[in-house]
$ cat query.cif   # mmCIF, C-alpha atoms
data_start
loop_
_atom_site.label_atom_id
_atom_site.label_comp_id
_atom_site.auth_asym_id
_atom_site.auth_seq_id
_atom_site.Cartn_x
_atom_site.Cartn_y
_atom_site.Cartn_z
CA SER V 180 27.37 85.19 21.25
CA ASP V 181 30.94 85.66 22.55
CA LEU V 182 30.62 82.46 24.59
CA ARG V 183 29.65 80.42 21.52
CA LEU V 184 32.57 81.96 19.58
CA VAL V 185 35.06 81.02 22.33
CA LEU V 186 33.68 77.50 22.59
CA GLY V 187 33.83 77.13 18.83
CA LEU V 188 37.47 78.27 18.66
CA PHE V 189 38.49 75.69 21.22
CA GLY V 190 36.34 72.90 19.80
CA LEU V 191 34.21 72.70 22.90
CA ALA V 192 30.61 71.56 22.80
CA LEU V 193 27.78 73.54 24.26
CA PRO V 194 26.32 72.09 27.44
CA ALA V 195 23.27 69.90 27.11
CA GLY V 196 20.16 72.01 26.77
CA CYS V 197 21.98 74.95 25.16
CA VAL V 198 20.95 74.27 21.62
CA SER V 199 21.42 76.90 18.97
CA PRO V 200 17.98 78.20 17.93
CA SER V 201 18.84 77.69 14.24
CA SER V 202 19.31 73.95 14.91
CA SER V 203 15.57 73.65 15.52
CA LEU V 204 14.69 75.39 12.26
CA THR V 205 11.73 73.72 10.61
CA PRO V 206 11.89 73.70 6.81
CA PRO V 207 8.83 75.20 5.11
CA ASN V 208 6.26 72.83 3.69
CA ARG V 209 6.76 72.13 0.01
CA VAL V 210 3.63 73.08 -1.92
CA VAL V 211 3.28 71.36 -5.30
CA ALA V 212 0.59 72.34 -7.81
CA PRO V 213 -1.26 69.52 -9.61
CA TYR V 214 -0.46 71.16 -12.97
CA PRO V 215 1.84 73.92 -14.25
CA ALA V 216 0.24 77.30 -14.90
CA VAL V 217 1.04 80.98 -15.23
CA LEU V 218 -1.36 83.11 -13.19
CA ALA V 219 -2.12 86.76 -12.55
CA VAL V 220 -3.55 88.38 -9.43
CA ALA V 221 -6.13 91.14 -9.74
CA PRO V 222 -6.25 93.76 -6.96
CA LEU V 223 -8.58 92.58 -4.20
CA SER V 224 -11.65 94.67 -3.49
CA ASN V 225 -12.63 95.64 0.06
CA GLU V 226 -15.82 94.42 1.73
CA SER V 227 -14.42 94.26 5.25
CA GLY V 228 -16.46 97.17 6.60
CA VAL V 229 -13.33 99.13 7.47
CA THR V 230 -11.29 101.53 5.36
CA ILE V 231 -8.20 99.98 3.78
CA ASP V 232 -5.87 102.29 1.91
CA PRO V 233 -5.00 101.31 -1.69
CA ALA V 234 -1.35 100.71 -0.81
CA SER V 235 -2.30 98.08 1.78
CA ARG V 236 -4.65 96.33 -0.65
CA ALA V 237 -1.88 96.32 -3.25
CA GLU V 238 0.44 94.80 -0.67
CA VAL V 239 -1.98 91.91 -0.16
CA SER V 240 -2.04 91.29 -3.91
CA ASP V 241 1.77 91.45 -4.02
CA ASP V 242 1.95 88.91 -1.20
CA LEU V 243 -0.35 86.61 -3.19
CA VAL V 244 1.94 86.93 -6.21
CA ALA V 245 4.92 85.99 -4.04
CA ALA V 246 3.02 83.05 -2.54
CA ILE V 247 2.09 81.74 -6.01
CA ASN V 248 5.73 81.94 -7.07
CA GLY V 249 6.57 79.82 -4.03
CA VAL V 250 4.42 76.96 -5.36
CA GLU V 251 6.22 74.35 -7.42
CA GLY V 252 4.63 74.39 -10.86
CA TRP V 253 2.85 77.74 -10.62
CA ASP V 254 4.22 81.13 -11.64
CA ALA V 255 2.67 84.57 -11.25
CA VAL V 256 3.24 87.68 -13.33
CA PRO V 257 4.21 90.84 -11.41
CA LEU V 258 1.31 92.90 -10.10
CA ASP V 259 2.53 95.97 -12.02
CA ARG V 260 2.03 94.10 -15.28
CA THR V 261 -1.56 93.29 -14.32
CA LEU V 262 -2.26 96.88 -13.28
CA THR V 263 -0.82 98.20 -16.53
CA ALA V 264 -3.03 95.86 -18.57
CA MET V 265 -6.09 96.87 -16.53
CA ALA V 266 -5.36 100.54 -17.26
CA GLN V 267 -5.03 99.79 -20.97
CA LEU V 268 -8.44 98.08 -20.93
CA GLY V 269 -10.05 100.79 -18.81
CA LEU V 270 -10.76 98.36 -15.96
CA ALA V 271 -10.71 99.83 -12.46
CA GLU V 272 -11.50 96.38 -11.04
CA ILE V 273 -12.63 92.96 -12.21
CA ARG V 274 -16.42 92.85 -12.00
CA SER V 275 -17.20 89.79 -14.11
CA GLU V 276 -15.74 86.68 -15.71
CA ALA V 277 -15.85 88.58 -19.02
CA ASP V 278 -13.56 91.24 -17.53
CA ALA V 279 -11.23 88.49 -16.30
CA ARG V 280 -11.16 86.87 -19.76
CA ARG V 281 -10.21 90.16 -21.44
CA LEU V 282 -7.48 90.78 -18.90
CA MET V 283 -6.13 87.22 -19.15
CA GLU V 284 -5.95 87.48 -22.94
CA THR V 285 -4.15 90.82 -22.70
CA ILE V 286 -1.57 89.58 -20.22
CA GLY V 287 -1.31 86.09 -21.71
CA VAL V 288 -1.88 83.95 -18.61
CA ASP V 289 -3.67 80.66 -17.95
CA GLY V 290 -5.69 81.83 -14.99
CA MET V 291 -6.37 84.73 -12.67
CA LEU V 292 -7.07 85.23 -8.98
CA VAL V 293 -9.78 87.70 -8.11
CA GLY V 294 -11.43 88.29 -4.79
CA THR V 295 -12.38 90.54 -1.95
CA ILE V 296 -11.10 91.22 1.55
CA THR V 297 -13.77 90.37 4.11
CA GLN V 298 -11.88 90.77 7.41
CA TRP V 299 -9.17 93.28 8.28
CA GLY V 300 -7.78 93.51 11.80
CA PRO V 301 -4.25 94.98 11.86
CA TYR V 302 -3.89 94.97 15.65
CA ASP V 303 -2.68 92.19 17.92
CA PRO V 304 -4.26 89.68 17.71
CA PRO V 305 -4.51 90.25 13.95
CA ARG V 306 -7.23 88.97 11.65
CA PHE V 307 -7.55 88.63 7.89
CA GLY V 308 -10.35 87.17 5.80
CA ALA V 309 -10.96 86.92 2.07
CA ASN V 310 -13.08 85.30 -0.60
CA VAL V 311 -10.85 84.30 -3.51
CA LEU V 312 -11.70 82.83 -6.92
CA LEU V 313 -9.41 81.13 -9.41
CA ILE V 314 -10.80 81.98 -12.84
CA GLY V 315 -9.65 80.35 -16.06
CA ASP V 316 -10.28 77.88 -18.85
CA ARG V 317 -10.20 74.44 -17.21
CA GLY V 318 -8.92 72.79 -20.36
CA ARG V 319 -6.04 75.23 -20.67
CA LEU V 320 -5.22 75.10 -16.97
CA GLN V 321 -5.12 71.30 -16.96
CA ALA V 322 -3.54 70.77 -20.39
CA SER V 323 -0.26 69.73 -18.73
CA LEU V 324 -1.76 67.90 -15.77
CA ASP V 325 0.81 65.66 -14.11
CA PRO V 326 -0.99 62.72 -12.42
CA ARG V 327 1.99 62.25 -10.08
CA ALA V 328 1.21 65.63 -8.51
CA LEU V 329 -2.17 64.35 -7.33
CA SER V 330 -1.84 62.88 -3.85
CA GLY V 331 -3.16 59.35 -3.79
CA ARG V 332 -2.94 58.83 -7.55
CA THR V 333 -0.17 56.92 -9.35
CA GLY V 334 -1.09 57.49 -12.96
CA ASP V 335 -4.79 56.73 -13.38
CA ALA V 336 -5.77 60.38 -13.77
CA GLU V 337 -5.88 61.56 -17.36
CA PRO V 338 -5.16 65.10 -18.54
CA THR V 339 -8.33 66.92 -19.49
CA GLY V 340 -6.68 69.38 -21.86
CA GLY V 341 -7.87 69.89 -25.39
CA THR V 342 -11.39 70.89 -24.47
CA GLU V 343 -12.63 74.34 -25.33
CA GLU V 344 -14.38 75.66 -22.25
CA PRO V 345 -15.28 79.28 -21.56
CA VAL V 346 -13.37 81.21 -18.96
CA ALA V 347 -15.19 80.66 -15.68
CA THR V 348 -14.64 80.16 -11.96
CA VAL V 349 -12.58 77.02 -11.48
CA THR V 350 -12.09 77.04 -7.72
CA ASP V 351 -13.26 79.30 -4.90
CA LEU V 352 -11.93 79.63 -1.38
CA VAL V 353 -13.17 81.36 1.77
CA VAL V 354 -10.45 82.20 4.29
CA ASP V 355 -10.85 83.55 7.83
CA LEU V 356 -7.59 83.76 9.75
CA ASP V 357 -8.11 85.01 13.28
CA ALA V 358 -5.04 84.86 15.52
CA VAL V 359 -7.35 84.23 18.50
CA ASN V 360 -8.28 80.88 16.95
CA HIS V 361 -6.06 78.01 18.12
CA GLY V 362 -5.94 76.43 14.66
CA THR V 363 -4.77 79.67 13.07
CA ARG V 364 -2.25 80.18 15.88
CA ALA V 365 -0.81 76.68 15.39
CA ARG V 366 -0.38 77.20 11.62
CA LEU V 367 1.16 80.61 12.25
CA ARG V 368 3.66 79.10 14.68
CA ALA V 369 4.64 76.45 12.12
CA TYR V 370 5.09 79.18 9.52
CA ALA V 371 7.15 81.31 11.89
CA GLU V 372 9.38 78.37 12.81
CA SER V 373 10.15 77.84 9.12
CA HIS V 374 11.18 81.50 8.76
CA TYR V 375 13.79 81.80 11.47
CA ASP V 376 15.46 84.72 9.66
CA VAL V 377 12.38 86.74 10.64
CA SER V 378 11.22 85.17 13.90
CA GLY V 379 14.62 84.47 15.47
CA GLY V 380 14.80 85.80 19.01
CA PHE V 381 11.04 85.95 19.50
CA ASP V 382 9.41 83.66 22.02
CA PRO V 383 7.03 82.28 20.99
CA PRO V 384 8.35 82.44 17.39
CA GLU V 385 5.04 83.68 15.97
CA ARG V 386 5.18 86.76 18.21
CA TYR V 387 6.70 88.92 15.49
CA TYR V 388 3.90 88.01 13.07
CA LEU V 389 1.33 88.94 15.70
CA MET V 390 2.96 92.31 16.26
CA VAL V 391 3.67 93.26 12.63
CA PHE V 392 0.57 93.05 10.43
CA ASP V 393 2.56 93.16 7.18
CA ARG V 394 4.21 89.91 8.21
CA PHE V 395 0.87 88.38 9.19
CA LEU V 396 -0.37 89.22 5.69
CA GLU V 397 2.53 87.24 4.22
CA PHE V 398 1.40 84.25 6.27
CA ALA V 399 -2.20 84.84 5.18
CA ALA V 400 -1.19 84.89 1.51
CA ARG V 401 0.56 81.54 1.92
CA GLU V 402 -2.57 80.13 3.53
CA VAL V 403 -4.75 81.40 0.67
CA ILE V 404 -2.57 79.97 -2.08
CA GLY V 405 -1.98 76.71 -0.23
CA GLY V 406 -5.75 76.41 0.20
CA LEU V 407 -6.34 76.98 -3.51
CA VAL V 408 -3.78 74.30 -4.41
CA ASP V 409 -5.51 71.86 -2.06
CA ARG V 410 -8.92 72.71 -3.52
CA GLU V 411 -7.67 72.20 -7.06
CA ARG V 412 -6.07 68.88 -6.20
CA GLY V 413 -9.28 67.73 -4.52
CA ARG V 414 -11.39 68.85 -7.46
CA LEU V 415 -9.23 66.93 -9.92
CA LEU V 416 -9.22 63.81 -7.78
CA ALA V 417 -13.01 63.98 -7.69
CA GLY V 418 -13.07 64.21 -11.48
CA GLY V 419 -14.09 67.88 -11.57
#
$ encode --input "query.cif" --output "structure tokens"
Amino acid sequence: SDLRLVLGLFGLALPAGCVSPSSSLTPPNRVVAPYPAVLAVAPLSNESGVTIDPASRAEVSDDLVAAINGVEGWDAVPLDRTLTAMAQLGLAEIRSEADARRLMETIGVDGMLVGTITQWGPYDPPRFGANVLLIGDRGRLQASLDPRALSGRTGDAEPTGGTEEPVATVTDLVVDLDAVNHGTRARLRAYAESHYDVSGGFDPPERYYLMVFDRFLEFAAREVIGGLVDRERGRLLAGG
């Protein structure tokens, strides 16, 4: 504001209580995968009971790709590359683990996310639900397992690479994010506070994500991928 500019020019401090909103910016949580991997995301199918246009479903898949690329250790190929490979194979969607294996071999990735949208509520308060599977060869996925990435372990976990296992479901996750739920609302607020470039000026900060469903879907994608990382870490700690 003009007042802040004038105060800054004269070296004057803001009065107590007038804290710049950016000073309270919360850094986003750092998500670290338990092993490095290159993944692909197949377009999600729709079992929500409402009509979702193809562009919106593609947007969800794109958000998942972006969320994977935000995980330290994981990378995702662009959605267009996956769609092109599916067209080459004559696959309209992934119906089986055999389909996933063919697609993974064509693209050259370690694993693939497939799933279906189960809840779709684009109006305030928004809601999104999905069932998501991580499909891959466990041996290949864990060939470069870093024990230090497993919370609670200091080196006693051994890599399980080298085994030849068929492509199968490695981890599954059920997500139901309803903005009416206090737990969802609290996580959304934390996410909004870490993205001040988007939520700045909104009070409460999550208000923008409640109003704009595309932004809520970005949050939902982060929750999905973060949940998969947690499930994979837990599975490995349990010796799965």
$ closest_residue --input "query.cif" --among "V:Gly315, V:Gly300, V:Gly252, V:Pro305" --to "Arg209 (chain V)" --atoms "only C-alpha atoms"
V:Gly252
$ closest_residue --input "query.cif" --among "V:Arg401, V:Arg274, V:Arg364, V:Arg236" --to "Thr297 (chain V)" --atoms "only C-alpha atoms"
V:Arg236
$ closest_residue --input "query.cif" --among "V:Asp278, V:Asp254, V:Glu238, V:Glu402" --to "Thr363 (chain V)" --atoms "all atoms listed in the file"
V:Glu402
$ residues_around --input "query.cif" --residues "Tyr370 (chain V)" --least-positions-apart "2" --cutoff "8 Å" --atoms "all atoms listed in the file" --output "PyMOL selection string"
chain V and resi 207+366-368+372-374+385+398
$ closest_residue --input "query.cif" --among "V:Gly294, V:Gly287, V:Gly362, V:Gly228" --to "Val311 (chain V)" --atoms "all atoms listed in the file"
V:Gly294
$ atom_distance --input "query.cif" --atom1 "CA of Arg281 (chain V)" --atom2 "CA of Val293 (chain V)"
13.6 Å
$ closest_residue --input "query.cif" --among "V:Ser240, V:Gly308, V:Ile296, V:Phe392" --to "Val354 (chain V)" --atoms "only C-alpha atoms"
V:Gly308
$ resolve_selection --input "query.cif" --expression "the PyMOL selection byres ((chain V and resi 226) around 9)" --output "PDB file with C-alpha atoms, keeping the file's coordinate frame"
ATOM      1  CA  SER V 224     -11.650  94.670  -3.490  1.00  0.00           C
ATOM      2  CA  ASN V 225     -12.630  95.640   0.060  1.00  0.00           C
ATOM      3  CA  SER V 227     -14.420  94.260   5.250  1.00  0.00           C
ATOM      4  CA  GLY V 228     -16.460  97.170   6.600  1.00  0.00           C
ATOM      5  CA  VAL V 229     -13.330  99.130   7.470  1.00  0.00           C
ATOM      6  CA  THR V 295     -12.380  90.540  -1.950  1.00  0.00           C
ATOM      7  CA  ILE V 296     -11.100  91.220   1.550  1.00  0.00           C
ATOM      8  CA  THR V 297     -13.770  90.370   4.110  1.00  0.00           C
ATOM      9  CA  GLN V 298     -11.880  90.770   7.410  1.00  0.00           C
ATOM     10  CA  ALA V 309     -10.960  86.920   2.070  1.00  0.00           C
TER      11      ALA V 309
END
$ closest_atom_pairs --input "query.cif" --of "region 221-254 of chain V" --to "region 266-273 of chain V" --cutoff "9 Å" --atoms "all atoms listed in the file" --output "JSON lines"
{"residue": "V:Ala221", "atom": "CA", "partner": "V:Ile273", "partner_atom": "CA", "distance": 7.2}
{"residue": "V:Pro222", "atom": "CA", "partner": "V:Glu272", "partner_atom": "CA", "distance": 7.1}
{"residue": "V:Leu223", "atom": "CA", "partner": "V:Glu272", "partner_atom": "CA", "distance": 8.4}
{"residue": "V:Ser224", "atom": "CA", "partner": "V:Glu272", "partner_atom": "CA", "distance": 7.7}
$ atom_distance --input "query.cif" --atom1 "CA of Val244 (chain V)" --atom2 "CA of Val403 (chain V)"
11.1 Å
$ atom_distance --input "query.cif" --atom1 "CA of Phe381 (chain V)" --atom2 "CA of Ala399 (chain V)"
19.5 Å
$ closest_residue --input "query.cif" --among "V:Thr348, V:Leu282, V:Pro383, V:Pro213" --to "Ala365 (chain V)" --atoms "only C-alpha atoms"
V:Pro383
$ resolve_selection --input "query.cif" --expression "the PyMOL selection byres ((chain V and resi 291) around 6)" --output "list in words"
Leu218, Ala219, Val220, Gly290, Leu292, Leu313 and Ile314 of chain V
